[in-house]
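This report refers to the structure that appears directly beneath it.
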Amino acid sequence: MPLPPFQRRYRRRPRKLGPKDQVLRDWRRLDVGPLEKAHADRASTAGAIVKNVLGVLKLEQRRAESEVVKVWNHTIDPSITEHAQPTKILKGTLFVSVDSSVWLDEIVRYQRHEILKRMQLAMGREMIQRISFRIG
């Protein structure tokens with residue numbers, strides 16, 4: 001039965017016997033093959049599995065996106081938030097949907113840099129590097 005993708009990465013490889021281990025095995029006249037196999041098939045740590053599952057489900061990205069909406073509504077001028085709302089973050093770009101071309105022009109011409117600075121200050125420069133406004 002194949003392993004799920006999140007367990008394949010963390011599966012431990014069997015340890016190769018060094019010269020010392022081989023001498024001890026021969027001296028004790030003990031076959032440690034089954035013990036080595038049992039040791040190699042040991043399950044991954046819970047922390048490694050949880051971290052991988054969170055990565056597969058992209059929960060960290062979803063949490064960040066929901067946090068952006070909260071930060072947007074608290075840091076940006078209410079007259080702008082009535083007409084523009086963030087929709088997603090993708091590779092450092094915050095995508096914002098604006099309800100009309102008039103507001104799009106107003107925001108892009110006069111408010112774009114201030115909005116970007118405020119969002120970077122609140123969320124971090126590595127999370128929001130650029131901002132893109134679109135009618136939607």
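Ordering of the structure tokens sets the chain letters (A, B, ...); residue numbers start at 1 within each chain; ligands are numbered from 1 in the order shown.
Proximity to stretch 77-80 of chain A at 10 Å, evaluated using only C-alpha atoms and with sequence-adjacent residues fewer than 4 positions away removed, yields Trp72, Asn73, Ala84, Gln85, Val98, Trp103, Leu104, Glu106, Ile107, Gln111 and Ile115 of chain A.
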Take the residues from that selection and write them out as a short mmCIF file (atom, residue, chain, number, x, y, z; two decimals), in the first residue's frame, keeping N, CA and C atoms.
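The result, written out as part.cif:
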data_model
loop_
_atom_site.label_atom_id
_atom_site.label_comp_id
_atom_site.auth_asym_id
_atom_site.auth_seq_id
_atom_site.Cartn_x
_atom_site.Cartn_y
_atom_site.Cartn_z
N TRP A 72 -7.00 45.48 6.14
CA TRP A 72 -7.48 46.44 5.13
C TRP A 72 -8.60 47.30 5.70
N ASN A 73 -9.57 46.67 6.32
CA ASN A 73 -10.72 47.42 6.84
C ASN A 73 -10.35 48.34 8.00
N ALA A 84 -13.41 49.42 -2.61
CA ALA A 84 -12.31 48.53 -2.96
C ALA A 84 -12.07 47.55 -1.83
N GLN A 85 -11.94 46.25 -2.18
CA GLN A 85 -11.69 45.20 -1.20
C GLN A 85 -10.62 44.25 -1.74
N VAL A 98 -11.93 46.71 -7.33
CA VAL A 98 -12.55 48.03 -7.21
C VAL A 98 -13.86 48.01 -7.98
N TRP A 103 -13.38 55.06 -9.37
CA TRP A 103 -12.64 54.80 -8.14
C TRP A 103 -11.29 54.16 -8.43
N LEU A 104 -11.22 53.33 -9.43
CA LEU A 104 -9.95 52.73 -9.82
C LEU A 104 -8.94 53.81 -10.20
N GLU A 106 -9.01 56.99 -9.34
CA GLU A 106 -8.73 57.79 -8.14
C GLU A 106 -7.70 57.10 -7.25
N ILE A 107 -7.91 55.84 -7.01
CA ILE A 107 -7.00 55.09 -6.13
C ILE A 107 -5.62 54.95 -6.75
N GLN A 111 -3.80 57.39 -4.36
CA GLN A 111 -3.75 56.67 -3.10
C GLN A 111 -2.88 55.41 -3.13
N ILE A 115 -1.50 53.44 0.27
CA ILE A 115 -2.14 52.17 0.62
C ILE A 115 -1.09 51.06 0.71
#
9 Å contact set for A:Thr87, only C-alpha atoms, chain neighbours under 5 positions out, as a short mmCIF file (atom, residue, chain, number, x, y, z; two decimals) with N, CA and C atoms, in the first residue's frame:
data_model
loop_
_atom_site.label_atom_id
_atom_site.label_comp_id
_atom_site.auth_asym_id
_atom_site.auth_seq_id
_atom_site.Cartn_x
_atom_site.Cartn_y
_atom_site.Cartn_z
N GLU A 65 -4.66 35.47 4.09
CA GLU A 65 -5.66 36.17 3.27
C GLU A 65 -6.80 36.71 4.11
N VAL A 69 -7.86 41.02 4.92
CA VAL A 69 -9.16 41.70 4.87
C VAL A 69 -9.39 42.49 6.15
N LEU A 94 -0.72 41.81 -3.74
CA LEU A 94 -2.06 41.93 -3.19
C LEU A 94 -2.99 42.39 -4.31
N PHE A 95 -3.99 41.59 -4.61
CA PHE A 95 -4.96 41.94 -5.65
C PHE A 95 -6.19 42.56 -4.98
N VAL A 96 -6.57 43.74 -5.48
CA VAL A 96 -7.69 44.47 -4.90
C VAL A 96 -8.73 44.69 -5.99
N SER A 97 -9.98 44.39 -5.65
CA SER A 97 -11.09 44.56 -6.58
C SER A 97 -11.77 45.90 -6.28
#
### Summary
From atom CA of A:Pro86 to atom CA of A:Gly136 the spacing works out at 10.7 Å
